[in-house]
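Raw protein-v1.txt, compact mmCIF, C-alpha atoms:
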```
# COMPACT_ATOMS: atom_id res chain seq x y z
CA MET A 1 -18.61 52.58 55.60
CA LYS A 2 -19.41 55.32 53.08
CA ILE A 3 -18.48 54.68 49.47
CA LEU A 4 -18.23 57.04 46.49
CA VAL A 5 -18.55 55.59 42.98
CA ILE A 6 -17.33 57.80 40.14
CA GLY A 7 -19.12 57.41 36.81
CA ALA A 8 -22.56 57.48 35.23
CA GLY A 9 -23.13 54.35 33.12
CA GLY A 10 -24.48 50.83 33.42
CA ARG A 11 -21.22 49.60 34.95
CA GLU A 12 -21.43 52.22 37.70
CA HIS A 13 -25.09 51.42 38.33
CA ALA A 14 -24.14 47.77 38.79
CA LEU A 15 -21.21 48.66 41.06
CA ALA A 16 -23.38 50.93 43.22
CA TRP A 17 -26.07 48.26 43.45
CA LYS A 18 -23.64 45.54 44.51
CA LEU A 19 -21.83 47.81 46.97
CA SER A 20 -25.15 48.81 48.53
CA GLU A 21 -25.65 45.11 49.41
CA SER A 22 -22.42 44.97 51.42
CA ALA A 23 -23.08 44.45 55.12
CA GLY A 24 -20.85 47.23 56.41
CA VAL A 25 -21.89 49.90 53.92
CA GLU A 26 -23.88 52.74 55.43
CA GLU A 27 -24.33 54.77 52.24
CA VAL A 28 -23.28 54.74 48.60
CA TYR A 29 -22.82 57.96 46.63
CA VAL A 30 -22.48 58.14 42.84
CA SER A 31 -21.12 61.11 40.90
CA PRO A 32 -22.04 62.28 38.36
CA GLY A 33 -24.38 59.29 38.28
CA SER A 34 -27.89 59.43 36.92
CA LEU A 35 -31.32 59.68 38.48
CA ALA A 36 -31.85 56.01 37.65
CA MET A 37 -29.35 55.16 40.40
CA THR A 38 -31.33 56.68 43.27
CA ASP A 39 -32.71 53.22 43.98
CA VAL A 40 -29.29 52.20 45.37
CA ALA A 41 -27.31 55.41 45.95
CA SER A 42 -27.34 59.14 46.60
CA VAL A 43 -26.59 60.87 43.32
CA ILE A 44 -24.32 63.92 43.20
CA PRO A 45 -24.64 65.59 39.77
CA ALA A 46 -21.55 66.79 37.94
CA GLN A 47 -20.38 70.35 38.46
CA ASN A 48 -17.79 72.37 36.59
CA ASP A 49 -14.28 71.35 37.65
CA MET A 50 -15.58 68.70 40.05
CA ASP A 51 -12.87 67.96 42.64
CA TYR A 52 -13.48 64.38 43.74
CA VAL A 53 -10.80 64.52 46.41
CA GLU A 54 -12.53 67.44 48.09
CA LEU A 55 -15.90 65.76 47.64
CA ALA A 56 -14.62 62.61 49.35
CA LYS A 57 -13.32 64.70 52.25
CA GLU A 58 -16.57 66.63 52.53
CA LEU A 59 -18.68 63.45 52.65
CA ASN A 60 -16.27 61.56 54.94
CA ILE A 61 -15.93 58.84 52.31
CA ASP A 62 -14.16 55.65 53.42
CA LEU A 63 -13.53 54.29 49.92
CA THR A 64 -13.75 55.79 46.44
CA VAL A 65 -14.24 53.53 43.43
CA ALA A 66 -13.51 54.67 39.88
CA GLY A 67 -15.69 53.34 37.07
CA PRO A 68 -14.42 54.85 33.79
CA GLU A 69 -10.88 54.55 32.47
CA THR A 70 -10.54 58.24 31.66
CA VAL A 71 -10.19 59.40 35.26
CA LEU A 72 -7.68 56.62 35.98
CA VAL A 73 -5.51 57.41 32.98
CA ASP A 74 -5.65 61.08 34.02
CA GLY A 75 -4.22 60.19 37.44
CA LEU A 76 -7.15 60.43 39.87
CA ALA A 77 -5.75 57.58 41.98
CA ASP A 78 -2.52 59.55 42.42
CA LYS A 79 -4.44 62.58 43.68
CA PHE A 80 -6.25 60.45 46.26
CA ALA A 81 -2.96 58.85 47.31
CA GLU A 82 -1.42 62.29 47.84
CA ALA A 83 -4.37 63.19 50.06
CA GLY A 84 -4.10 59.90 51.99
CA LEU A 85 -7.57 58.75 50.96
CA PRO A 86 -8.44 55.10 50.10
CA PHE A 87 -9.06 54.65 46.38
CA PHE A 88 -9.88 51.52 44.36
CA GLY A 89 -8.14 51.94 41.02
CA PRO A 90 -4.61 52.01 39.59
CA SER A 91 -2.19 54.92 39.41
CA ALA A 92 -1.71 56.77 36.12
CA LYS A 93 1.48 54.81 35.43
CA ALA A 94 -0.26 51.49 36.01
CA ALA A 95 -3.32 52.64 34.01
CA ARG A 96 -1.11 53.02 30.92
CA ILE A 97 -1.83 49.34 30.33
CA GLU A 98 -5.13 50.58 28.91
CA GLY A 99 -4.31 54.20 28.15
CA SER A 100 -1.64 53.33 25.58
CA LYS A 101 -1.82 50.31 23.28
CA THR A 102 1.86 50.81 22.46
CA PHE A 103 2.83 50.73 26.13
CA ALA A 104 0.73 47.61 26.68
CA LYS A 105 2.20 45.74 23.71
CA ASN A 106 5.78 46.67 24.64
CA PHE A 107 5.06 45.65 28.24
CA MET A 108 3.73 42.25 27.15
CA LYS A 109 6.71 41.71 24.86
CA LYS A 110 9.16 42.58 27.63
CA TYR A 111 7.58 40.17 30.12
CA HIS A 112 6.74 37.38 27.66
CA ILE A 113 2.98 37.64 28.07
CA PRO A 114 1.29 35.91 25.11
CA THR A 115 -0.27 38.31 22.61
CA ALA A 116 -0.41 38.96 18.86
CA GLY A 117 2.65 40.10 16.92
CA TYR A 118 2.62 43.84 16.27
CA GLU A 119 4.32 47.03 15.13
CA ALA A 120 3.65 50.57 16.42
CA PHE A 121 3.63 53.69 14.24
CA THR A 122 3.57 57.46 14.63
CA ASP A 123 4.04 58.19 10.90
CA GLU A 124 1.20 57.55 8.46
CA LYS A 125 3.49 56.84 5.47
CA ASP A 126 5.47 54.26 7.42
CA ALA A 127 2.28 52.55 8.55
CA ILE A 128 0.90 52.42 5.00
CA GLN A 129 4.14 51.01 3.66
CA TYR A 130 4.05 48.34 6.37
CA VAL A 131 0.52 47.13 5.55
CA LYS A 132 1.41 46.82 1.87
CA GLU A 133 3.79 44.03 2.84
CA GLN A 134 1.50 42.09 5.22
CA ASN A 135 -0.99 39.24 4.98
CA TYR A 136 -4.65 39.90 5.72
CA PRO A 137 -6.75 40.38 7.74
CA LEU A 138 -4.89 42.86 9.95
CA VAL A 139 -5.98 44.49 13.20
CA ILE A 140 -5.43 48.25 13.43
CA LYS A 141 -5.79 49.88 16.85
CA ALA A 142 -5.81 53.47 17.98
CA ASP A 143 -3.13 53.88 20.65
CA GLY A 144 -5.23 56.00 23.03
CA LEU A 145 -8.63 55.69 24.66
CA ALA A 146 -11.52 55.23 22.25
CA ALA A 147 -14.39 53.98 24.44
CA GLY A 148 -13.86 50.40 23.35
CA LYS A 149 -14.35 51.22 19.67
CA GLY A 150 -10.82 52.05 18.46
CA VAL A 151 -10.23 48.80 16.62
CA ILE A 152 -10.56 48.13 12.89
CA ILE A 153 -10.20 44.68 11.35
CA ALA A 154 -8.98 45.35 7.81
CA GLN A 155 -9.71 42.57 5.33
CA ASN A 156 -7.55 44.05 2.57
CA GLU A 157 -4.97 46.73 1.83
CA GLU A 158 -7.51 49.36 0.80
CA ALA A 159 -9.40 49.01 4.09
CA ALA A 160 -6.14 49.12 6.05
CA VAL A 161 -4.98 52.31 4.33
CA ASP A 162 -8.35 53.98 4.95
CA ALA A 163 -8.26 53.00 8.62
CA ILE A 164 -4.71 54.27 9.05
CA HIS A 165 -5.51 57.60 7.43
CA ASN A 166 -8.73 58.14 9.40
CA MET A 167 -7.02 57.34 12.68
CA MET A 168 -3.75 59.19 12.19
CA ALA A 169 -5.36 62.26 10.66
CA GLY A 170 -7.58 62.51 13.73
CA LEU A 171 -10.75 61.84 11.74
CA ALA A 172 -11.75 58.88 13.93
CA PHE A 173 -11.85 58.20 17.68
CA ASN A 174 -11.30 61.82 18.71
CA GLY A 175 -7.60 61.82 17.97
CA ALA A 176 -6.85 58.60 19.89
CA GLY A 177 -5.25 57.17 16.75
CA LYS A 178 -2.46 59.66 16.12
CA GLN A 179 -0.28 56.77 17.18
CA ILE A 180 -1.42 53.31 16.14
CA VAL A 181 -0.62 49.65 16.63
CA ILE A 182 -0.96 47.17 13.77
CA GLU A 183 -1.34 43.56 14.86
CA GLU A 184 -1.52 40.17 13.28
CA PHE A 185 -5.06 38.78 13.27
CA MET A 186 -5.72 36.10 15.89
CA SER A 187 -8.24 33.35 15.20
CA GLY A 188 -10.26 31.83 18.02
CA GLU A 189 -13.01 32.70 20.46
CA GLU A 190 -12.86 35.73 22.75
CA ALA A 191 -13.37 35.74 26.50
CA SER A 192 -12.87 38.24 29.31
CA ILE A 193 -11.36 37.84 32.77
CA LEU A 194 -11.71 40.55 35.38
CA ALA A 195 -9.47 40.26 38.43
CA PHE A 196 -9.15 41.92 41.82
CA CYS A 197 -5.58 43.13 42.50
CA ASP A 198 -3.89 44.55 45.60
CA GLY A 199 -0.51 45.28 44.03
CA LYS A 200 0.93 41.87 44.88
CA ASN A 201 -1.94 39.40 44.81
CA VAL A 202 -4.46 38.81 42.05
CA VAL A 203 -7.77 36.94 42.36
CA PRO A 204 -9.69 36.32 39.12
CA MET A 205 -13.44 36.81 38.94
CA LEU A 206 -15.74 34.55 36.95
CA SER A 207 -15.01 34.44 33.24
CA SER A 208 -17.35 36.19 30.83
CA GLN A 209 -17.84 36.75 27.11
CA ASP A 210 -18.62 40.12 25.56
CA HIS A 211 -20.36 40.64 22.20
CA LYS A 212 -18.59 43.56 20.55
CA ARG A 213 -20.20 43.73 17.12
CA ILE A 214 -23.50 45.49 16.59
CA GLY A 215 -25.13 42.64 14.65
CA ASN A 216 -26.03 39.00 15.23
CA ASN A 217 -23.34 36.42 14.47
CA ASP A 218 -20.67 39.04 15.18
CA THR A 219 -21.38 41.19 12.14
CA GLY A 220 -21.24 44.95 11.62
CA ALA A 221 -19.33 47.68 13.40
CA ASN A 222 -17.52 47.39 16.72
CA THR A 223 -19.37 48.84 19.71
CA GLY A 224 -18.72 49.34 23.39
CA GLY A 225 -20.40 45.96 23.90
CA MET A 226 -23.88 44.67 23.05
CA GLY A 227 -24.17 42.09 25.81
CA ALA A 228 -22.31 39.55 27.89
CA TYR A 229 -22.76 36.37 29.87
CA ALA A 230 -20.94 34.71 32.74
CA PRO A 231 -19.32 32.34 33.33
CA ALA A 232 -18.06 31.58 29.79
CA PRO A 233 -17.92 27.81 29.14
CA ILE A 234 -14.91 28.22 26.86
CA ILE A 235 -12.83 28.97 29.98
CA THR A 236 -12.26 25.58 31.58
CA ASP A 237 -10.54 25.05 34.92
CA ALA A 238 -7.33 24.15 33.12
CA LEU A 239 -7.50 27.30 30.98
CA SER A 240 -8.20 29.40 34.07
CA GLU A 241 -4.99 28.16 35.65
CA THR A 242 -3.03 28.87 32.45
CA ILE A 243 -4.45 32.40 32.28
CA TYR A 244 -3.53 33.01 35.90
CA GLN A 245 0.02 31.66 35.58
CA GLN A 246 0.89 33.07 32.14
CA ILE A 247 -1.05 36.35 32.05
CA LEU A 248 -2.61 37.72 35.24
CA LYS A 249 0.11 36.96 37.79
CA PRO A 250 2.98 38.02 35.48
CA VAL A 251 1.29 41.40 34.85
CA VAL A 252 0.85 42.14 38.55
CA ASP A 253 4.37 40.94 39.37
CA ALA A 254 5.87 43.04 36.57
CA MET A 255 3.92 46.15 37.56
CA GLN A 256 5.19 45.81 41.11
CA ALA A 257 8.76 45.22 39.91
CA GLU A 258 8.61 48.40 37.81
CA GLY A 259 7.53 50.47 40.79
CA HIS A 260 3.87 51.10 39.95
CA PRO A 261 1.85 48.28 41.55
CA PHE A 262 -1.56 47.60 40.07
CA ILE A 263 -4.35 48.14 42.61
CA GLY A 264 -7.95 47.78 41.49
CA CYS A 265 -9.62 45.74 38.76
CA LEU A 266 -7.48 44.37 35.95
CA TYR A 267 -9.41 43.36 32.83
CA ALA A 268 -7.88 40.90 30.40
CA GLY A 269 -9.57 40.61 27.02
CA LEU A 270 -8.42 37.27 25.63
CA MET A 271 -8.44 35.28 22.41
CA ILE A 272 -8.52 31.53 23.00
CA THR A 273 -6.40 30.30 20.10
CA GLU A 274 -5.15 26.87 19.08
CA ASP A 275 -1.89 27.84 20.80
CA GLY A 276 -3.61 28.80 24.03
CA PRO A 277 -4.92 32.07 25.50
CA LYS A 278 -3.45 35.31 24.16
CA VAL A 279 -4.15 38.88 25.23
CA VAL A 280 -6.24 41.04 22.91
CA GLU A 281 -6.18 44.01 25.28
CA PHE A 282 -5.91 44.98 28.91
CA ASN A 283 -8.21 47.44 30.67
CA CYS A 284 -7.44 49.17 33.94
CA ARG A 285 -10.99 48.95 35.32
CA PHE A 286 -14.18 46.93 35.35
CA GLY A 287 -15.31 46.05 31.83
CA ASP A 288 -18.65 47.10 30.46
CA PRO A 289 -20.94 45.15 29.82
CA GLU A 290 -19.10 42.25 31.53
CA THR A 291 -19.45 43.85 34.97
CA GLU A 292 -23.24 43.78 34.71
CA ALA A 293 -23.10 40.01 34.10
CA VAL A 294 -20.37 39.12 36.62
CA LEU A 295 -21.36 41.10 39.72
CA PRO A 296 -24.84 39.54 40.15
CA LEU A 297 -23.04 36.21 40.65
CA LEU A 298 -20.64 37.52 43.32
CA ASP A 299 -21.41 35.96 46.69
CA GLY A 300 -18.63 37.75 48.55
CA ASP A 301 -18.82 41.23 50.08
CA LEU A 302 -17.72 43.62 47.32
CA ALA A 303 -16.93 46.53 49.64
CA ASN A 304 -14.72 44.38 51.86
CA ILE A 305 -12.96 42.87 48.82
CA MET A 306 -12.25 46.31 47.39
CA MET A 307 -10.99 47.61 50.72
CA SER A 308 -8.68 44.60 51.03
CA CYS A 309 -7.24 45.46 47.60
CA VAL A 310 -6.52 48.99 48.78
CA GLN A 311 -4.99 47.76 52.05
CA GLY A 312 -2.87 45.04 50.41
CA THR A 313 -4.67 42.18 52.17
CA LEU A 314 -6.58 40.56 49.29
CA ASN A 315 -7.47 36.92 50.04
CA GLU A 316 -9.00 34.57 47.50
CA LYS A 317 -11.13 33.00 50.27
CA ASP A 318 -13.13 36.25 50.44
CA VAL A 319 -14.02 36.14 46.72
CA THR A 320 -16.81 33.59 46.49
CA TRP A 321 -19.42 32.99 43.81
CA LYS A 322 -23.00 31.83 43.47
CA ASN A 323 -23.81 28.79 41.37
CA GLY A 324 -25.46 29.47 38.03
CA TYR A 325 -25.17 31.91 35.15
CA ALA A 326 -26.03 35.51 34.28
CA VAL A 327 -26.90 37.03 30.90
CA ASP A 328 -26.75 40.76 30.13
CA ILE A 329 -28.47 42.15 27.02
CA VAL A 330 -27.69 45.72 25.98
CA LEU A 331 -30.48 47.82 24.48
CA ALA A 332 -29.23 50.58 22.19
CA THR A 333 -30.70 53.44 20.20
CA ASN A 334 -31.30 53.55 16.48
CA GLY A 335 -28.10 54.30 14.55
CA TYR A 336 -25.67 53.22 17.28
CA PRO A 337 -22.65 52.98 17.15
CA GLU A 338 -22.15 55.49 14.29
CA ALA A 339 -24.70 57.90 15.74
CA HIS A 340 -27.69 57.70 18.00
CA SER A 341 -31.09 59.27 18.53
CA LYS A 342 -31.97 60.89 21.85
CA ASP A 343 -35.00 61.78 23.93
CA ASP A 344 -37.13 58.75 23.06
CA LYS A 345 -39.63 57.73 25.76
CA ILE A 346 -38.83 54.32 27.30
CA GLU A 347 -41.65 52.00 28.27
CA GLY A 348 -41.68 48.80 30.31
CA ILE A 349 -38.66 49.04 32.63
CA LYS A 350 -40.71 48.25 35.74
CA GLN A 351 -42.36 45.29 33.98
CA ALA A 352 -38.95 43.82 33.21
CA GLU A 353 -37.86 44.28 36.82
CA ASN A 354 -41.07 42.60 38.00
CA LEU A 355 -39.94 39.48 36.11
CA GLY A 356 -36.84 39.36 38.30
CA CYS A 357 -34.44 41.08 35.90
CA HIS A 358 -31.91 43.69 36.92
CA VAL A 359 -32.13 46.76 34.69
CA PHE A 360 -28.95 48.84 34.83
CA HIS A 361 -29.12 52.27 33.17
CA ALA A 362 -26.31 53.24 30.81
CA GLY A 363 -27.82 56.24 29.02
CA THR A 364 -31.13 57.56 30.34
CA THR A 365 -32.61 60.78 31.69
CA LEU A 366 -35.59 61.03 34.01
CA LYS A 367 -38.48 63.37 33.28
CA ASP A 368 -41.83 63.85 34.98
CA ASP A 369 -43.43 61.03 32.99
CA GLY A 370 -40.58 58.52 33.08
CA PHE A 371 -37.22 57.65 31.57
CA TYR A 372 -35.97 58.80 28.15
CA THR A 373 -32.96 57.77 26.09
CA SER A 374 -29.84 59.93 26.30
CA GLY A 375 -27.02 57.75 24.95
CA GLY A 376 -26.15 55.09 22.39
CA ARG A 377 -26.23 52.20 24.84
CA VAL A 378 -29.26 52.81 27.01
CA LEU A 379 -30.08 49.84 29.23
CA ASN A 380 -28.59 46.54 30.40
CA VAL A 381 -31.20 43.86 31.08
CA VAL A 382 -29.66 41.14 33.26
CA ALA A 383 -31.08 37.84 34.47
CA CYS A 384 -29.63 34.99 36.52
CA GLY A 385 -30.56 31.32 36.52
CA SER A 386 -29.29 27.86 37.32
CA THR A 387 -28.48 27.23 33.64
CA LEU A 388 -27.27 29.46 30.84
CA GLU A 389 -30.40 28.70 28.81
CA GLU A 390 -32.65 29.64 31.73
CA SER A 391 -30.77 32.90 32.29
CA ARG A 392 -30.92 33.79 28.60
CA LYS A 393 -34.64 33.05 28.32
CA LYS A 394 -35.41 35.16 31.39
CA ALA A 395 -33.28 38.08 30.16
CA TYR A 396 -34.99 38.16 26.76
CA GLU A 397 -38.38 37.97 28.46
CA GLY A 398 -37.35 41.12 30.29
CA VAL A 399 -36.24 42.73 27.03
CA SER A 400 -39.63 41.94 25.49
CA LYS A 401 -41.30 44.20 28.05
CA ILE A 402 -39.21 47.25 27.14
CA TYR A 403 -39.80 49.49 24.14
CA TRP A 404 -38.86 52.80 22.59
CA GLU A 405 -38.90 53.95 18.97
CA GLY A 406 -35.83 52.56 17.18
CA MET A 407 -34.62 50.31 20.01
CA GLN A 408 -32.07 47.75 18.81
CA TYR A 409 -30.39 44.77 20.39
CA ARG A 410 -28.76 41.49 19.46
CA SER A 411 -30.92 38.37 19.66
CA ASP A 412 -28.02 35.91 19.90
CA ILE A 413 -26.40 36.82 23.22
CA ALA A 414 -24.98 33.71 24.96
CA MET A 415 -25.73 31.35 22.05
CA LYS A 416 -22.04 30.44 21.66
CA GLY A 417 -21.91 29.41 25.29
CA ILE A 418 -25.09 27.35 25.06
CA ALA A 419 -23.81 25.57 21.95
CA ARG A 420 -20.51 24.80 23.68
CA LEU A 421 -22.25 23.38 26.74
CA LYS A 422 -24.50 21.18 24.59
CA ASN A 423 -21.53 19.92 22.61
CA ARG A 424 -19.61 19.18 25.82
CA LYS A 425 -22.57 17.25 27.23
CA LYS A 426 -22.95 15.27 23.99
CA ASN A 427 -19.28 14.26 24.05
CA CYS A 428 -19.29 13.14 27.68
```

Mind converting the file's structure to structure tokens?
Amino acid sequence: MKILVIGAGGREHALAWKLSESAGVEEVYVSPGSLAMTDVASVIPAQNDMDYVELAKELNIDLTVAGPETVLVDGLADKFAEAGLPFFGPSAKAARIEGSKTFAKNFMKKYHIPTAGYEAFTDEKDAIQYVKEQNYPLVIKADGLAAGKGVIIAQNEEAAVDAIHNMMAGLAFNGAGKQIVIEEFMSGEEASILAFCDGKNVVPMLSSQDHKRIGNNDTGANTGGMGAYAPAPIITDALSETIYQQILKPVVDAMQAEGHPFIGCLYAGLMITEDGPKVVEFNCRFGDPETEAVLPLLDGDLANIMMSCVQGTLNEKDVTWKNGYAVDIVLATNGYPEAHSKDDKIEGIKQAENLGCHVFHAGTTLKDDGFYTSGGRVLNVVACGSTLEESRKKAYEGVSKIYWEGMQYRSDIAMKGIARLKNRKKNC
């Protein structure tokens, strides 16, 4: 089997790595990829007006896997379907569950999927009038794609008005906020569930927990994710069943009923509230950085699982997991997420790998003398272990070997999970 992975970040590096381990896979290609991925795949650099359908035909690809949401929202799956080529990822209509916050909220309301109360706006004056009459904090979301950063938690009216103006005037998130959703604030602890879907069946992956804020103790600006760990102890077996019955299965059933079945990876970002799990957001693809923490624990054959999703034969017996935990720590450049430096020499990647860590590249370039930074989030350092504490310790040991000028990272990844496990043990 030949597989083409579309994308260039840490998520795609992890996908290519895991697919390369599948027994029936002859070769993995990644496009546009990065030169860091040549350890697991053949890299095909981006060209002007890259036609991935034609590329898949040219390479005799058996399965194409989309990493980023942008190509899915733009309808790449539909183009592959028209050409009769297997593709892991939802159609443009199904991808609206991520591509439009308004669509997603209306969809959840229609099918009674638990989420925060909300109102959607296309007029700035109406939105400002609305927030003058609400209790705080409020959550203000850009309707379109914003690379995981299009969310502002406004603590007061002044902050809400500023956020509304910046979004709707196109000053923030590249115009993704010309339509916005304003939600009630949900209290609780966040968790993520990724799930394999074949249009009818849905099989959840291990739970995980992302760390969105730039600073320790969840302070500072929202980012694309500063680290993750899996599984997340907050998701008990009972909660997993509730999430499946009240959220995941209803979404897949409703998508099928509406004529655009969801095929691919469905991501549910959840808030575990006193009233149970509620949806913060849906994504139409593998989450990042959760993927880098979840996939190292997959014991099943990823290529076969993905192909079964495409063929409508997904079986939960094929999705098996290793015992233990994984911790992913994101290393970012100075100034991220507002801005970031580039072209800083990276030291120590091989030393981290020699400790047994996976190092997935999110934003690097390769020169004659080694790797240099090229993006805000640069590396994912991932370690597995029999306990969450062991995994965390090993991951940070790997981080300690890596250096570039201005490198930043959070030092508290997975601490919530460790605290929860200790508290659970104490109460037993």

Review point. How many Å lie between CA of Met226 in chain A and CA of Asn380 in chain A, rounded to one decimal?
Key: 8.9 Å

Check your understanding: Any idea what's packed within 10 Å of Ala66 in chain A, counting all atoms listed in the file, ignoring anything in its chain fewer than 2 positions away? Could you give it as a PyMOL selection string?
Key -> chain A and resi 4-7+12+15+64+68-72+76-77+87-90+264-265+285-286

Got time to write the residues from that selection, C-alpha atoms, as a compact mmCIF listing (two decimals), in the frame of the given file?
```txt
# COMPACT_ATOMS: atom_id res chain seq x y z
CA LEU A 4 -18.23 57.04 46.49
CA VAL A 5 -18.55 55.59 42.98
CA ILE A 6 -17.33 57.80 40.14
CA GLY A 7 -19.12 57.41 36.81
CA GLU A 12 -21.43 52.22 37.70
CA LEU A 15 -21.21 48.66 41.06
CA THR A 64 -13.75 55.79 46.44
CA PRO A 68 -14.42 54.85 33.79
CA GLU A 69 -10.88 54.55 32.47
CA THR A 70 -10.54 58.24 31.66
CA VAL A 71 -10.19 59.40 35.26
CA LEU A 72 -7.68 56.62 35.98
CA LEU A 76 -7.15 60.43 39.87
CA ALA A 77 -5.75 57.58 41.98
CA PHE A 87 -9.06 54.65 46.38
CA PHE A 88 -9.88 51.52 44.36
CA GLY A 89 -8.14 51.94 41.02
CA PRO A 90 -4.61 52.01 39.59
CA GLY A 264 -7.95 47.78 41.49
CA CYS A 265 -9.62 45.74 38.76
CA ARG A 285 -10.99 48.95 35.32
CA PHE A 286 -14.18 46.93 35.35
```

Would you pick out the contacts of Phe185 in chain A at 7 Å or less, using only C-alpha atoms, so that residues sharing its chain but fewer than 4 positions from it are not included, and give the list as a PDB file with C-alpha atoms, in the frame of the given file?
```
ATOM      1  CA  PRO A 137      -6.750  40.380   7.740  1.00  0.00           C
ATOM      2  CA  LEU A 138      -4.890  42.860   9.950  1.00  0.00           C
ATOM      3  CA  VAL A 139      -5.980  44.490  13.200  1.00  0.00           C
TER       4      VAL A 139
END
```

**Study point:** Selection: 12 Å around Glu54 in chain A, only C-alpha atoms, excl. self and same-chain fewer than 2 positions, as a list in words
**Key:**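 Residues near the query, excluding close chain neighbours: Leu4, Asp49, Met50, Asp51, Tyr52, Ala56, Lys57, Glu58, Leu59, Asn60, Ile61, Thr64, Lys79, Phe80, Ala83, Gly84 and Leu85 of chain A.
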
Practice item. Provide the CA of Ala94 in chain A to CA of Pro261 in chain A distance in Å, to one decimal place. Key: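 Interatomic distance here is 6.7 Å.
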
Work out where the centre of an axis-aligned box around every listed atom of range 62-74 of chain A lies and how long its edges are once 6 Å is added on each side; give both in Å to one decimal as lines of an AutoDock Vina configuration file.
```
center_x = -10.6
center_y = 57.2
center_z = 42.5
size_x = 22.2
size_y = 19.7
size_z = 33.8
```

Practice item. Would you please work out which residue, of A:Gly24, A:Gly224, A:Pro250, A:Gly99, is nearest to Lys212 in chain A when using all atoms listed in the file? Key: A:Gly224

Review point. Please, what distance in Å, to one decimal, runs between CA of Gly269 in chain A and CA of Ser207 in chain A?
Key: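 Pair CA of Gly269 in chain A / CA of Ser207 in chain A returns 10.3 Å.
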
Who sits within 12 Å of Ala339 in chain A, all atoms listed in the file, same chain under 2 positions skipped, as a tab-separated table (two decimals) with C-alpha atoms, keeping the file's coordinate frame:
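Okay, this is what ended up in selection-v1.tsv:
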```tsv
chain	number	residue	atom	x	y	z
A	221	ALA	CA	-19.33	47.68	13.40
A	223	THR	CA	-19.37	48.84	19.71
A	332	ALA	CA	-29.23	50.58	22.19
A	333	THR	CA	-30.70	53.44	20.20
A	334	ASN	CA	-31.30	53.55	16.48
A	335	GLY	CA	-28.10	54.30	14.55
A	336	TYR	CA	-25.67	53.22	17.28
A	337	PRO	CA	-22.65	52.98	17.15
A	341	SER	CA	-31.09	59.27	18.53
A	342	LYS	CA	-31.97	60.89	21.85
A	374	SER	CA	-29.84	59.93	26.30
A	375	GLY	CA	-27.02	57.75	24.95
A	376	GLY	CA	-26.15	55.09	22.39
A	377	ARG	CA	-26.23	52.20	24.84
```

Exercise for review: With a distance cut-off of 6 Å and all atoms listed in the file, select the neighbouring residues of range 272-280 of chain A, excluding the residue or stretch itself and same-chain residues fewer than 6 positions from it, and output the selection as a PyMOL selection string.
Suggested key: chain A and resi 114-115+188-189

Would you list the residues near (-17.2, 23.9, 28.6) (no more than 10 Å away, in the coordinates of the file, using only C-alpha atoms) as an mmCIF file with C-alpha atoms, in the coordinates of the input?
```cif
data_model
loop_
_atom_site.group_PDB
_atom_site.id
_atom_site.type_symbol
_atom_site.label_atom_id
_atom_site.label_comp_id
_atom_site.auth_asym_id
_atom_site.auth_seq_id
_atom_site.Cartn_x
_atom_site.Cartn_y
_atom_site.Cartn_z
ATOM 1 C CA PRO A 231 -19.320 32.340 33.330
ATOM 2 C CA ALA A 232 -18.060 31.580 29.790
ATOM 3 C CA PRO A 233 -17.920 27.810 29.140
ATOM 4 C CA ILE A 234 -14.910 28.220 26.860
ATOM 5 C CA ILE A 235 -12.830 28.970 29.980
ATOM 6 C CA THR A 236 -12.260 25.580 31.580
ATOM 7 C CA ASP A 237 -10.540 25.050 34.920
ATOM 8 C CA GLY A 417 -21.910 29.410 25.290
ATOM 9 C CA ILE A 418 -25.090 27.350 25.060
ATOM 10 C CA ALA A 419 -23.810 25.570 21.950
ATOM 11 C CA ARG A 420 -20.510 24.800 23.680
ATOM 12 C CA LEU A 421 -22.250 23.380 26.740
ATOM 13 C CA LYS A 422 -24.500 21.180 24.590
ATOM 14 C CA ASN A 423 -21.530 19.920 22.610
ATOM 15 C CA ARG A 424 -19.610 19.180 25.820
ATOM 16 C CA LYS A 425 -22.570 17.250 27.230
#
```

Practice item. Compare A:Glu281, A:Glu82, A:Glu157, A:Glu316 by their minimum atom-to-atom distance to Ile193 in chain A, counting only C-alpha atoms, and give me the closest one. Key: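 Looking only at the distances to Ile193 in chain A, the closest residue turns out to be A:Glu281.
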
Review point. At a cut-off of 12 Å from (-1.4, 40.0, 14.9) in the coordinates of the file, what residues are picked up using only C-alpha atoms, written as a PyMOL selection string?
Key: chain A and resi 105+114-120+131+134-141+153-154+181-187+271+278-280
